[in-house]
file target_26.pdb (PDB, C-alpha atoms)
ATOM      1  CA  MET A   1       8.957  21.173  -9.267
ATOM      2  CA  VAL A   2       6.384  21.012 -12.064
ATOM      3  CA  ILE A   3       2.699  20.325 -11.364
ATOM      4  CA  ILE A   4       0.920  18.523 -14.190
ATOM      5  CA  GLU A   5      -2.818  17.808 -14.450
ATOM      6  CA  SER A   6      -2.978  16.544 -18.047
ATOM      7  CA  ILE A   7      -2.121  13.013 -19.132
ATOM      8  CA  ASP A   8      -0.830  14.136 -22.530
ATOM      9  CA  LYS A   9       1.338  16.832 -20.963
ATOM     10  CA  MET A  10       2.866  14.297 -18.563
ATOM     11  CA  LYS A  11       3.622  11.920 -21.412
ATOM     12  CA  ASN A  12       5.155  14.698 -23.491
ATOM     13  CA  GLU A  13       7.303  15.957 -20.617
ATOM     14  CA  ILE A  14       8.663  12.536 -19.785
ATOM     15  CA  THR A  15       9.462  11.552 -23.399
ATOM     16  CA  ALA A  16      12.461  13.904 -23.517
ATOM     17  CA  TYR A  17      13.950  12.405 -20.370
ATOM     18  CA  LYS A  18      13.438   8.847 -21.618
ATOM     19  CA  GLU A  19      15.133   9.725 -24.912
ATOM     20  CA  LYS A  20      18.174  10.869 -22.923
ATOM     21  CA  GLY A  21      18.265   7.523 -21.131
ATOM     22  CA  LEU A  22      17.374   8.985 -17.745
ATOM     23  CA  SER A  23      15.660   6.822 -15.144
ATOM     24  CA  ILE A  24      12.197   7.715 -13.829
ATOM     25  CA  GLY A  25      11.023   6.943 -10.310
ATOM     26  CA  LEU A  26       7.290   6.944  -9.583
ATOM     27  CA  VAL A  27       5.663   7.201  -6.142
ATOM     28  CA  PRO A  28       1.924   6.552  -6.645
ATOM     29  CA  THR A  29      -0.227   8.000  -3.837
ATOM     30  CA  MET A  30      -3.757   9.059  -2.988
ATOM     31  CA  GLY A  31      -2.446  12.143  -1.228
ATOM     32  CA  CYS A  32      -2.672  13.063   2.472
ATOM     33  CA  LEU A  33       1.083  12.526   2.440
ATOM     34  CA  HIS A  34       2.917  11.524   5.616
ATOM     35  CA  ALA A  35       6.363  10.321   6.696
ATOM     36  CA  GLY A  36       5.778   6.951   5.047
ATOM     37  CA  HIS A  37       5.280   8.600   1.664
ATOM     38  CA  ILE A  38       8.300  10.819   2.275
ATOM     39  CA  SER A  39      10.454   7.726   2.827
ATOM     40  CA  LEU A  40       9.325   6.425  -0.581
ATOM     41  CA  ILE A  41      10.120   9.752  -2.216
ATOM     42  CA  LYS A  42      13.603   9.803  -0.689
ATOM     43  CA  LYS A  43      14.260   6.253  -1.870
ATOM     44  CA  ALA A  44      13.088   7.167  -5.359
ATOM     45  CA  ILE A  45      15.385  10.199  -5.425
ATOM     46  CA  GLU A  46      18.353   8.039  -4.392
ATOM     47  CA  GLU A  47      17.774   5.570  -7.206
ATOM     48  CA  ASN A  48      16.527   7.664 -10.133
ATOM     49  CA  ASP A  49      17.322  10.752 -12.195
ATOM     50  CA  ILE A  50      13.745  12.059 -12.242
ATOM     51  CA  VAL A  51      11.035  11.527  -9.588
ATOM     52  CA  ILE A  52       7.289  11.796 -10.125
ATOM     53  CA  VAL A  53       4.743  11.702  -7.301
ATOM     54  CA  SER A  54       1.197  11.018  -8.461
ATOM     55  CA  ILE A  55      -1.727  12.126  -6.293
ATOM     56  CA  PHE A  56      -5.104  10.677  -7.250
ATOM     57  CA  VAL A  57      -7.918   9.431  -5.023
ATOM     58  CA  ASN A  58      -8.863   6.536  -7.268
ATOM     59  CA  PRO A  59     -12.630   5.913  -7.289
ATOM     60  CA  THR A  60     -12.421   2.396  -8.733
ATOM     61  CA  GLN A  61     -10.685   0.973  -5.657
ATOM     62  CA  PHE A  62     -13.472   2.067  -3.308
ATOM     63  CA  GLY A  63     -16.578  -0.045  -2.749
ATOM     64  CA  PRO A  64     -20.087   1.486  -2.720
ATOM     65  CA  ASN A  65     -20.196   1.887   1.087
ATOM     66  CA  GLU A  66     -16.570   2.882   1.619
ATOM     67  CA  ASP A  67     -14.938   6.218   2.362
ATOM     68  CA  PHE A  68     -14.269   7.678  -1.097
ATOM     69  CA  ASP A  69     -16.168  10.904  -0.431
ATOM     70  CA  LYS A  70     -14.591  11.565   2.961
ATOM     71  CA  TYR A  71     -11.078  10.317   2.125
ATOM     72  CA  PRO A  72      -8.712  13.124   3.246
ATOM     73  CA  ARG A  73      -7.695  15.487   0.453
ATOM     74  CA  THR A  74      -4.885  17.846   1.464
ATOM     75  CA  ARG A  75      -3.585  19.189  -1.847
ATOM     76  CA  LYS A  76      -1.826  22.316  -0.550
ATOM     77  CA  LYS A  77       0.026  20.415   2.180
ATOM     78  CA  ASP A  78       0.873  17.560  -0.198
ATOM     79  CA  LEU A  79       2.369  19.892  -2.785
ATOM     80  CA  GLU A  80       4.488  21.576  -0.137
ATOM     81  CA  ILE A  81       5.790  18.183   1.022
ATOM     82  CA  CYS A  82       6.682  17.272  -2.560
ATOM     83  CA  ARG A  83       8.395  20.618  -3.086
ATOM     84  CA  THR A  84      10.334  20.397   0.185
ATOM     85  CA  ASN A  85      11.513  16.888  -0.698
ATOM     86  CA  SER A  86      12.761  17.888  -4.180
ATOM     87  CA  CYS A  87      10.298  16.037  -6.402
ATOM     88  CA  ASP A  88      10.626  16.879 -10.077
ATOM     89  CA  PHE A  89       6.980  16.408 -11.044
ATOM     90  CA  VAL A  90       3.650  16.030  -9.273
ATOM     91  CA  LEU A  91       0.990  14.395 -11.412
ATOM     92  CA  LEU A  92      -2.552  15.402 -10.435
ATOM     93  CA  PRO A  93      -4.702  13.656 -13.044
ATOM     94  CA  GLN A  94      -8.367  14.497 -13.372
ATOM     95  CA  SER A  95     -10.922  11.765 -12.742
ATOM     96  CA  ASP A  96     -12.870  12.361 -15.959
ATOM     97  CA  GLU A  97      -9.655  12.019 -17.977
ATOM     98  CA  MET A  98      -8.521   8.876 -16.166
ATOM     99  CA  TYR A  99     -11.982   7.333 -16.426
ATOM    100  CA  PRO A 100     -13.949   8.860 -19.320
ATOM    101  CA  GLU A 101     -17.591   7.877 -19.815
ATOM    102  CA  ASP A 102     -16.722   5.149 -22.314
ATOM    103  CA  PHE A 103     -14.064   3.523 -20.101
ATOM    104  CA  LEU A 104     -14.393  -0.301 -20.251
ATOM    105  CA  THR A 105     -11.006  -1.862 -19.481
ATOM    106  CA  PHE A 106      -9.836  -3.243 -16.136
ATOM    107  CA  VAL A 107      -6.761  -5.213 -15.061
ATOM    108  CA  GLU A 108      -7.185  -7.968 -12.488
ATOM    109  CA  VAL A 109      -4.771 -10.357 -10.754
ATOM    110  CA  LYS A 110      -7.364 -12.966  -9.988
ATOM    111  CA  SER A 111      -6.628 -15.246  -7.036
ATOM    112  CA  LEU A 112      -4.285 -12.899  -5.163
ATOM    113  CA  GLY A 113      -6.943 -10.199  -5.101
ATOM    114  CA  LYS A 114      -9.682 -12.444  -3.721
ATOM    115  CA  VAL A 115      -8.149 -13.269  -0.342
ATOM    116  CA  LEU A 116      -7.332 -11.253   2.809
ATOM    117  CA  CYS A 117      -8.583  -7.701   2.123
ATOM    118  CA  GLY A 118     -10.142  -8.917  -1.127
ATOM    119  CA  ILE A 119     -12.820 -10.831   0.771
ATOM    120  CA  SER A 120     -14.410  -7.768   2.353
ATOM    121  CA  ARG A 121     -13.330  -5.450  -0.507
ATOM    122  CA  PRO A 122     -13.998  -7.611  -3.606
ATOM    123  CA  THR A 123     -13.377  -4.905  -6.252
ATOM    124  CA  HIS A 124     -10.587  -3.058  -4.458
ATOM    125  CA  PHE A 125      -7.516  -4.636  -6.029
ATOM    126  CA  ARG A 126      -8.997  -4.578  -9.522
ATOM    127  CA  GLY A 127      -9.194  -0.818  -9.099
ATOM    128  CA  VAL A 128      -5.634  -0.667  -7.760
ATOM    129  CA  THR A 129      -4.081  -2.683 -10.588
ATOM    130  CA  THR A 130      -6.046  -0.777 -13.228
ATOM    131  CA  ILE A 131      -4.986   2.666 -12.017
ATOM    132  CA  LEU A 132      -1.377   1.544 -11.574
ATOM    133  CA  THR A 133      -1.278   0.136 -15.101
ATOM    134  CA  LYS A 134      -2.452   3.508 -16.357
ATOM    135  CA  LEU A 135       0.080   5.413 -14.239
ATOM    136  CA  PHE A 136       2.927   3.124 -15.332
ATOM    137  CA  ASN A 137       1.997   3.748 -18.978
ATOM    138  CA  ILE A 138       1.588   7.495 -18.550
ATOM    139  CA  THR A 139       4.862   8.077 -16.691
ATOM    140  CA  LYS A 140       7.006   5.435 -18.417
ATOM    141  CA  ALA A 141       8.539   4.880 -14.974
ATOM    142  CA  THR A 142      11.700   2.824 -14.568
ATOM    143  CA  ARG A 143      10.827   2.015 -10.954
ATOM    144  CA  ALA A 144       7.759   2.427  -8.739
ATOM    145  CA  TYR A 145       7.834   2.565  -4.934
ATOM    146  CA  PHE A 146       5.357   1.051  -2.474
ATOM    147  CA  GLY A 147       5.240   0.624   1.287
ATOM    148  CA  GLN A 148       5.137  -2.847   2.799
ATOM    149  CA  LYS A 149       2.269  -1.813   5.062
ATOM    150  CA  ASP A 150       0.084  -2.568   2.045
ATOM    151  CA  ALA A 151       1.702  -5.982   1.685
ATOM    152  CA  GLN A 152      -1.060  -7.616  -0.334
ATOM    153  CA  GLN A 153      -1.049  -4.703  -2.767
ATOM    154  CA  LEU A 154       2.726  -4.961  -3.142
ATOM    155  CA  ILE A 155       2.573  -8.712  -3.840
ATOM    156  CA  ILE A 156      -0.250  -8.250  -6.360
ATOM    157  CA  VAL A 157       1.513  -5.428  -8.213
ATOM    158  CA  LYS A 158       4.720  -7.454  -8.472
ATOM    159  CA  LYS A 159       2.756 -10.382  -9.902
ATOM    160  CA  MET A 160       0.956  -8.136 -12.400
ATOM    161  CA  VAL A 161       4.256  -6.689 -13.620
ATOM    162  CA  GLU A 162       5.720 -10.190 -13.952
ATOM    163  CA  ASP A 163       2.714 -11.692 -15.741
ATOM    164  CA  LEU A 164       2.246  -8.800 -18.177
ATOM    165  CA  ASN A 165       5.971  -8.341 -18.896
ATOM    166  CA  MET A 166       5.837  -4.698 -17.855
ATOM    167  CA  ASP A 167       9.128  -2.882 -18.196
ATOM    168  CA  ILE A 168       9.194  -1.489 -14.669
ATOM    169  CA  GLU A 169      10.815  -2.509 -11.382
ATOM    170  CA  ILE A 170       8.619  -2.602  -8.265
ATOM    171  CA  ILE A 171      10.410  -1.561  -5.078
ATOM    172  CA  GLY A 172       8.946  -2.463  -1.693
ATOM    173  CA  CYS A 173       9.993  -0.243   1.220
ATOM    174  CA  SER A 174       9.742  -0.922   4.942
ATOM    175  CA  THR A 175       6.643   0.140   6.845
ATOM    176  CA  VAL A 176       7.125   3.460   8.616
ATOM    177  CA  ARG A 177       5.670   3.605  12.127
ATOM    178  CA  GLU A 178       5.046   6.131  14.841
ATOM    179  CA  ASN A 179       7.298   5.803  17.893
ATOM    180  CA  ASP A 180       4.603   3.712  19.605
ATOM    181  CA  GLY A 181       4.398   1.271  16.680
ATOM    182  CA  LEU A 182       1.262   2.474  14.888
ATOM    183  CA  ALA A 183       1.768   2.046  11.143
ATOM    184  CA  LEU A 184       1.435   5.367   9.338
ATOM    185  CA  SER A 185      -1.713   5.618   7.254
ATOM    186  CA  SER A 186      -3.786   8.454   5.845
ATOM    187  CA  ARG A 187      -6.801   6.861   7.551
ATOM    188  CA  ASN A 188      -5.223   7.391  10.990
ATOM    189  CA  THR A 189      -6.634  10.906  10.747
ATOM    190  CA  TYR A 190     -10.091   9.390  11.298
ATOM    191  CA  LEU A 191      -9.179   8.078  14.782
ATOM    192  CA  ASN A 192     -10.047   9.864  18.006
ATOM    193  CA  ASP A 193      -7.673   9.587  20.979
ATOM    194  CA  GLU A 194      -9.299   6.466  22.441
ATOM    195  CA  GLU A 195      -9.461   4.729  19.070
ATOM    196  CA  ARG A 196      -5.843   5.545  18.389
ATOM    197  CA  LYS A 197      -4.841   3.720  21.583
ATOM    198  CA  ASP A 198      -6.779   0.688  20.383
ATOM    199  CA  GLY A 199      -5.054   0.991  17.009
ATOM    200  CA  LEU A 200      -1.784   0.153  18.758
ATOM    201  CA  LEU A 201      -3.142  -3.341  19.409
ATOM    202  CA  LEU A 202      -2.557  -4.302  15.775
ATOM    203  CA  TYR A 203       1.204  -3.992  16.021
ATOM    204  CA  LYS A 204       1.172  -5.354  19.563
ATOM    205  CA  SER A 205      -0.502  -8.537  18.297
ATOM    206  CA  LEU A 206       1.969  -8.837  15.405
ATOM    207  CA  THR A 207       4.916  -8.423  17.778
ATOM    208  CA  LEU A 208       3.413 -11.087  20.035
ATOM    209  CA  ALA A 209       3.090 -13.459  17.066
ATOM    210  CA  LYS A 210       6.689 -12.787  16.029
ATOM    211  CA  ASN A 211       7.971 -13.553  19.506
ATOM    212  CA  LEU A 212       5.927 -16.748  19.750
ATOM    213  CA  ILE A 213       7.324 -17.959  16.426
ATOM    214  CA  LEU A 214      10.931 -17.053  17.226
ATOM    215  CA  ASN A 215      10.538 -18.940  20.510
ATOM    216  CA  GLY A 216       9.527 -22.074  18.614
ATOM    217  CA  GLU A 217       5.737 -21.935  18.333
ATOM    218  CA  LYS A 218       4.609 -23.364  14.982
ATOM    219  CA  ASN A 219       0.912 -24.025  15.616
ATOM    220  CA  ILE A 220      -1.032 -21.555  13.494
ATOM    221  CA  GLU A 221      -4.185 -21.702  15.576
ATOM    222  CA  VAL A 222      -2.330 -21.026  18.823
ATOM    223  CA  ILE A 223      -0.648 -17.971  17.307
ATOM    224  CA  LYS A 224      -3.872 -16.619  15.821
ATOM    225  CA  LYS A 225      -5.768 -17.145  19.084
ATOM    226  CA  GLU A 226      -3.183 -15.133  21.023
ATOM    227  CA  MET A 227      -3.426 -12.373  18.436
ATOM    228  CA  GLU A 228      -7.231 -12.391  18.640
ATOM    229  CA  ASN A 229      -7.118 -12.100  22.430
ATOM    230  CA  THR A 230      -4.826  -9.087  22.141
ATOM    231  CA  ILE A 231      -7.007  -7.322  19.567
ATOM    232  CA  ASN A 232     -10.224  -8.100  21.432
ATOM    233  CA  SER A 233      -8.871  -6.452  24.580
ATOM    234  CA  GLY A 234      -9.625  -3.107  22.921
ATOM    235  CA  LYS A 235     -12.840  -1.210  23.576
ATOM    236  CA  ASN A 236     -13.386  -0.191  19.953
ATOM    237  CA  THR A 237     -11.985  -3.114  17.963
ATOM    238  CA  SER A 238     -13.641  -5.577  15.605
ATOM    239  CA  ILE A 239     -11.516  -8.110  13.710
ATOM    240  CA  ASP A 240     -12.021  -8.412   9.957
ATOM    241  CA  TYR A 241      -9.326 -11.061   9.571
ATOM    242  CA  ILE A 242      -6.095 -12.412  11.015
ATOM    243  CA  GLU A 243      -4.236 -14.672   8.586
ATOM    244  CA  ILE A 244      -0.857 -16.373   8.332
ATOM    245  CA  VAL A 245      -0.066 -17.052   4.678
ATOM    246  CA  ASN A 246       2.698 -17.828   2.225
ATOM    247  CA  SER A 247       4.354 -14.517   1.365
ATOM    248  CA  LYS A 248       4.196 -15.126  -2.409
ATOM    249  CA  THR A 249       0.982 -17.064  -3.026
ATOM    250  CA  LEU A 250      -1.026 -15.621  -0.095
ATOM    251  CA  LYS A 251      -2.351 -19.119   0.535
ATOM    252  CA  PRO A 252      -2.865 -20.114   4.189
ATOM    253  CA  VAL A 253      -0.066 -22.224   5.656
ATOM    254  CA  SER A 254      -0.699 -25.246   7.862
ATOM    255  CA  LYS A 255       2.349 -24.591  10.023
ATOM    256  CA  VAL A 256       4.970 -21.898  10.406
ATOM    257  CA  GLU A 257       7.887 -22.481   8.054
ATOM    258  CA  ASP A 258       9.963 -20.692   5.436
ATOM    259  CA  ASN A 259       8.756 -17.238   4.385
ATOM    260  CA  ILE A 260       5.368 -16.169   5.733
ATOM    261  CA  LEU A 261       3.221 -13.073   5.954
ATOM    262  CA  ILE A 262       1.152 -12.390   9.053
ATOM    263  CA  ALA A 263      -1.554  -9.937   8.055
ATOM    264  CA  LEU A 264      -4.583  -8.510   9.772
ATOM    265  CA  ALA A 265      -7.377  -6.023   9.225
ATOM    266  CA  VAL A 266      -9.229  -4.581  12.189
ATOM    267  CA  LYS A 267     -12.024  -2.070  12.412
ATOM    268  CA  VAL A 268     -11.216   0.467  15.111
ATOM    269  CA  GLY A 269     -14.354   2.476  15.699
ATOM    270  CA  ASN A 270     -15.522   3.167  12.151
ATOM    271  CA  THR A 271     -12.015   3.030  10.664
ATOM    272  CA  ARG A 272     -10.589  -0.077   9.031
ATOM    273  CA  LEU A 273      -6.843  -0.433   9.687
ATOM    274  CA  ILE A 274      -4.410  -2.975   8.240
ATOM    275  CA  ASP A 275      -0.938  -4.063   9.294
ATOM    276  CA  ASN A 276       1.425  -6.980   8.753
ATOM    277  CA  ILE A 277       4.874  -8.412   9.208
ATOM    278  CA  PHE A 278       6.971 -10.713   7.031
ATOM    279  CA  ILE A 279       8.885 -13.502   8.745
ATOM    280  CA  ASP A 280      11.550 -15.573   6.979
ATOM    281  CA  LEU A 281      12.565 -18.453   9.221
ATOM    282  CA  ARG A 282      15.348 -19.380   6.839
ATOM    283  CA  GLU A 283      17.119 -16.140   7.685
ATOM    284  CA  LYS A 284      15.347 -15.234  10.942
ATOM    285  CA  ALA A 285      14.718 -11.899   9.204
ATOM    286  CA  ILE A 286      11.657  -9.801   9.929
TER     287      ILE A 286
END
call {"tool": "encode", "arguments": {"input": "target_26.pdb", "output": "structure tokens"}}
result
Amino acid sequence: MVIIESIDKMKNEITAYKEKGLSIGLVPTMGCLHAGHISLIKKAIEENDIVIVSIFVNPTQFGPNEDFDKYPRTRKKDLEICRTNSCDFVLLPQSDEMYPEDFLTFVEVKSLGKVLCGISRPTHFRGVTTILTKLFNITKATRAYFGQKDAQQLIIVKKMVEDLNMDIEIIGCSTVRENDGLALSSRNTYLNDEERKDGLLLYKSLTLAKNLILNGEKNIEVIKKEMENTINSGKNTSIDYIEIVNSKTLKPVSKVEDNILIALAVKVGNTRLIDNIFIDLREKAI
């Protein structure tokens, strides 16, 4: 495994592999790697000749009052995970090289980034799409791997790649959960024991919604109200949003039909958690 901190060095290293026609798999992360990231790495290894994991806590996707400074940074542990899971390269770019003083250019997928999480985090997805555009260009990746827990991000990145004719395939991978259903997230490390129990209410509410729908309930407001009641039963919970939207456009639906995304963001103590499920009534697949 080769650790690279320079953009030019990464580009030079990868050129030789591209010239040989080898495929490159990229797993973009902000570090604090967990089993969810490992599942992405394993998928990338299955489907590509060379695998790169990038680790970069991207400042442009954090708002002014968010957790950039305290976001968990576990470099030694992360590198060991990458080594154990047979990554070929770990890219650790430096912030001043990614965003020099004269940096002026941002990439934005307009309407998709202004709903759901984009309402309370208005600059977040602009930061995400900008850093990913840079990473795609630097690594010349054939495929990039993302977890479905960040469903809005996945939908936005796919749209960006489509609209800008980027020569890369975006692979969405199933959300990895703890045995009790809590979606794995680096921010789970912020939770104390009581808050973690309340965090389970997110998936409990999504499971409730799924069961209501599969039993014939199509009224959006009824489903959302039942989800709200479940979340509000927690001692440390505050709902940011619960939405049922079209899984491609992210526009709210008036009734349950076809392919939908049920997404929610909830503050548990001081920690904002997100979770979601996709439901395709045409296939009854979830």
call {"tool": "resolve_selection", "arguments": {"input": "target_26.pdb", "expression": "the PyMOL selection byres ((chain A and resi 36) around 8)", "output": "ChimeraX atom specification"}}
result
/A:33-35,37-40,147,175-177,184-185
call {"tool": "residues_around", "arguments": {"input": "target_26.pdb", "residues": "Thr130 (chain A)", "least_positions_apart": "4", "cutoff": "7 Å", "atoms": "all atoms listed in the file", "output": "ChimeraX atom specification"}}
result
/A:106-107,126,134
call {"tool": "axis_aligned_box", "arguments": {"input": "target_26.pdb", "around": "region 214-218 of chain A", "padding_each_side": "8 Å", "output": "JSON"}}
result
{"center_x": 7.8, "center_y": -20.2, "center_z": 17.7, "size_x": 22.3, "size_y": 22.3, "size_z": 21.5}
call {"tool": "resolve_selection", "arguments": {"input": "target_26.pdb", "expression": "the PyMOL selection byres ((chain A and resi 84-99) around 9)", "output": "VMD selection string"}}
result
chain A and resid 1 to 7 10 38 41 to 42 45 50 to 59 79 to 83 100 to 104 131 134
call {"tool": "write_last_selection", "arguments": {"input": "target_26.pdb", "atoms": "C-alpha atoms", "output": "PDB file, in the frame of the given file"}}
result
ATOM      1  CA  MET A   1       8.957  21.173  -9.267  1.00  0.00           C
ATOM      2  CA  VAL A   2       6.384  21.012 -12.064  1.00  0.00           C
ATOM      3  CA  ILE A   3       2.699  20.325 -11.364  1.00  0.00           C
ATOM      4  CA  ILE A   4       0.920  18.523 -14.190  1.00  0.00           C
ATOM      5  CA  GLU A   5      -2.818  17.808 -14.450  1.00  0.00           C
ATOM      6  CA  SER A   6      -2.978  16.544 -18.047  1.00  0.00           C
ATOM      7  CA  ILE A   7      -2.121  13.013 -19.132  1.00  0.00           C
ATOM      8  CA  MET A  10       2.866  14.297 -18.563  1.00  0.00           C
ATOM      9  CA  ILE A  38       8.300  10.819   2.275  1.00  0.00           C
ATOM     10  CA  ILE A  41      10.120   9.752  -2.216  1.00  0.00           C
ATOM     11  CA  LYS A  42      13.603   9.803  -0.689  1.00  0.00           C
ATOM     12  CA  ILE A  45      15.385  10.199  -5.425  1.00  0.00           C
ATOM     13  CA  ILE A  50      13.745  12.059 -12.242  1.00  0.00           C
ATOM     14  CA  VAL A  51      11.035  11.527  -9.588  1.00  0.00           C
ATOM     15  CA  ILE A  52       7.289  11.796 -10.125  1.00  0.00           C
ATOM     16  CA  VAL A  53       4.743  11.702  -7.301  1.00  0.00           C
ATOM     17  CA  SER A  54       1.197  11.018  -8.461  1.00  0.00           C
ATOM     18  CA  ILE A  55      -1.727  12.126  -6.293  1.00  0.00           C
ATOM     19  CA  PHE A  56      -5.104  10.677  -7.250  1.00  0.00           C
ATOM     20  CA  VAL A  57      -7.918   9.431  -5.023  1.00  0.00           C
ATOM     21  CA  ASN A  58      -8.863   6.536  -7.268  1.00  0.00           C
ATOM     22  CA  PRO A  59     -12.630   5.913  -7.289  1.00  0.00           C
ATOM     23  CA  LEU A  79       2.369  19.892  -2.785  1.00  0.00           C
ATOM     24  CA  GLU A  80       4.488  21.576  -0.137  1.00  0.00           C
ATOM     25  CA  ILE A  81       5.790  18.183   1.022  1.00  0.00           C
ATOM     26  CA  CYS A  82       6.682  17.272  -2.560  1.00  0.00           C
ATOM     27  CA  ARG A  83       8.395  20.618  -3.086  1.00  0.00           C
ATOM     28  CA  PRO A 100     -13.949   8.860 -19.320  1.00  0.00           C
ATOM     29  CA  GLU A 101     -17.591   7.877 -19.815  1.00  0.00           C
ATOM     30  CA  ASP A 102     -16.722   5.149 -22.314  1.00  0.00           C
ATOM     31  CA  PHE A 103     -14.064   3.523 -20.101  1.00  0.00           C
ATOM     32  CA  LEU A 104     -14.393  -0.301 -20.251  1.00  0.00           C
ATOM     33  CA  ILE A 131      -4.986   2.666 -12.017  1.00  0.00           C
ATOM     34  CA  LYS A 134      -2.452   3.508 -16.357  1.00  0.00           C
TER      35      LYS A 134
END
call {"tool": "resolve_selection", "arguments": {"input": "target_26.pdb", "expression": "the PyMOL selection byres ((chain A and resi 203) around 9)", "output": "number ranges by chain"}}
result
A: 181-183, 199-202, 204-208, 275-277
call {"tool": "atom_distance", "arguments": {"input": "target_26.pdb", "atom1": "CA of Val161 (chain A)", "atom2": "CA of Asp67 (chain A)"}}
result
28.1 Å
call {"tool": "closest_residue", "arguments": {"input": "target_26.pdb", "among": "A:Leu164, A:Ile244, A:Val109, A:Ile171", "to": "Arg143 (chain A)", "atoms": "only C-alpha atoms"}}
result
A:Ile171
call {"tool": "atom_distance", "arguments": {"input": "target_26.pdb", "atom1": "CA of Thr142 (chain A)", "atom2": "CA of Glu162 (chain A)"}}
result
14.3 Å
call {"tool": "atom_distance", "arguments": {"input": "target_26.pdb", "atom1": "CA of Leu116 (chain A)", "atom2": "CA of Ala44 (chain A)"}}
result
28.7 Å
call {"tool": "residues_around", "arguments": {"input": "target_26.pdb", "residues": "Leu154 (chain A)", "least_positions_apart": "3", "cutoff": "10 Å", "atoms": "only C-alpha atoms", "output": "mmCIF file with C-alpha atoms, in the coordinates of the input"}}
result
data_model
loop_
_atom_site.group_PDB
_atom_site.id
_atom_site.type_symbol
_atom_site.label_atom_id
_atom_site.label_comp_id
_atom_site.auth_asym_id
_atom_site.auth_seq_id
_atom_site.Cartn_x
_atom_site.Cartn_y
_atom_site.Cartn_z
ATOM 1 C CA TYR A 145 7.834 2.565 -4.934
ATOM 2 C CA PHE A 146 5.357 1.051 -2.474
ATOM 3 C CA GLY A 147 5.240 0.624 1.287
ATOM 4 C CA GLN A 148 5.137 -2.847 2.799
ATOM 5 C CA LYS A 149 2.269 -1.813 5.062
ATOM 6 C CA ASP A 150 0.084 -2.568 2.045
ATOM 7 C CA ALA A 151 1.702 -5.982 1.685
ATOM 8 C CA VAL A 157 1.513 -5.428 -8.213
ATOM 9 C CA LYS A 158 4.720 -7.454 -8.472
ATOM 10 C CA LYS A 159 2.756 -10.382 -9.902
ATOM 11 C CA MET A 160 0.956 -8.136 -12.400
ATOM 12 C CA ILE A 170 8.619 -2.602 -8.265
ATOM 13 C CA ILE A 171 10.410 -1.561 -5.078
ATOM 14 C CA GLY A 172 8.946 -2.463 -1.693
ATOM 15 C CA CYS A 173 9.993 -0.243 1.220
#
call {"tool": "closest_residue", "arguments": {"input": "target_26.pdb", "among": "A:Leu135, A:Ile239, A:Ala144, A:Val27", "to": "Lys225 (chain A)", "atoms": "only C-alpha atoms"}}
result
A:Ile239
call {"tool": "closest_residue", "arguments": {"input": "target_26.pdb", "among": "A:Ser254, A:Thr29, A:Thr139, A:Asn232", "to": "Glu13 (chain A)", "atoms": "all atoms listed in the file"}}
result
A:Thr139
call {"tool": "closest_residue", "arguments": {"input": "target_26.pdb", "among": "A:Thr249, A:Gln152, A:Thr189, A:Thr237", "to": "Gly118 (chain A)", "atoms": "only C-alpha atoms"}}
result
A:Gln152
call {"tool": "residues_around", "arguments": {"input": "target_26.pdb", "residues": "Tyr71 (chain A)", "least_positions_apart": "4", "cutoff": "10 Å", "atoms": "all atoms listed in the file", "output": "list of chain:residue names"}}
result
A:Met30, A:Gly31, A:Cys32, A:Val57, A:Glu66, A:Asp67, A:Ser186, A:Arg187, A:Thr189, A:Tyr190
call {"tool": "write_last_selection", "arguments": {"input": "target_26.pdb", "atoms": "C-alpha atoms", "output": "compact mmCIF listing (two decimals), in the frame of the given file"}}
result
# COMPACT_ATOMS: atom_id res chain seq x y z
CA MET A 30 -3.76 9.06 -2.99
CA GLY A 31 -2.45 12.14 -1.23
CA CYS A 32 -2.67 13.06 2.47
CA VAL A 57 -7.92 9.43 -5.02
CA GLU A 66 -16.57 2.88 1.62
CA ASP A 67 -14.94 6.22 2.36
CA SER A 186 -3.79 8.45 5.84
CA ARG A 187 -6.80 6.86 7.55
CA THR A 189 -6.63 10.91 10.75
CA TYR A 190 -10.09 9.39 11.30
call {"tool": "residues_around", "arguments": {"input": "target_26.pdb", "residues": "Val115 (chain A)", "least_positions_apart": "5", "cutoff": "12 Å", "atoms": "all atoms listed in the file", "output": "tab-separated table (two decimals) with C-alpha atoms, keeping the file's coordinate frame"}}
result
chain	number	residue	atom	x	y	z
A	109	VAL	CA	-4.77	-10.36	-10.75
A	110	LYS	CA	-7.36	-12.97	-9.99
A	120	SER	CA	-14.41	-7.77	2.35
A	121	ARG	CA	-13.33	-5.45	-0.51
A	122	PRO	CA	-14.00	-7.61	-3.61
A	123	THR	CA	-13.38	-4.90	-6.25
A	124	HIS	CA	-10.59	-3.06	-4.46
A	125	PHE	CA	-7.52	-4.64	-6.03
A	152	GLN	CA	-1.06	-7.62	-0.33
A	153	GLN	CA	-1.05	-4.70	-2.77
A	156	ILE	CA	-0.25	-8.25	-6.36
A	241	TYR	CA	-9.33	-11.06	9.57
A	242	ILE	CA	-6.10	-12.41	11.02
A	243	GLU	CA	-4.24	-14.67	8.59
A	244	ILE	CA	-0.86	-16.37	8.33
A	245	VAL	CA	-0.07	-17.05	4.68
A	249	THR	CA	0.98	-17.06	-3.03
A	250	LEU	CA	-1.03	-15.62	-0.10
A	251	LYS	CA	-2.35	-19.12	0.54
A	252	PRO	CA	-2.86	-20.11	4.19
A	263	ALA	CA	-1.55	-9.94	8.06
A	264	LEU	CA	-4.58	-8.51	9.77
call {"tool": "closest_residue", "arguments": {"input": "target_26.pdb", "among": "A:Asp180, A:Asp163, A:Asp280, A:Asp193", "to": "Leu214 (chain A)", "atoms": "all atoms listed in the file"}}
result
A:Asp280
call {"tool": "closest_residue", "arguments": {"input": "target_26.pdb", "among": "A:Pro28, A:Asn188, A:Lys114, A:Gly127", "to": "Gly63 (chain A)", "atoms": "all atoms listed in the file"}}
result
A:Gly127
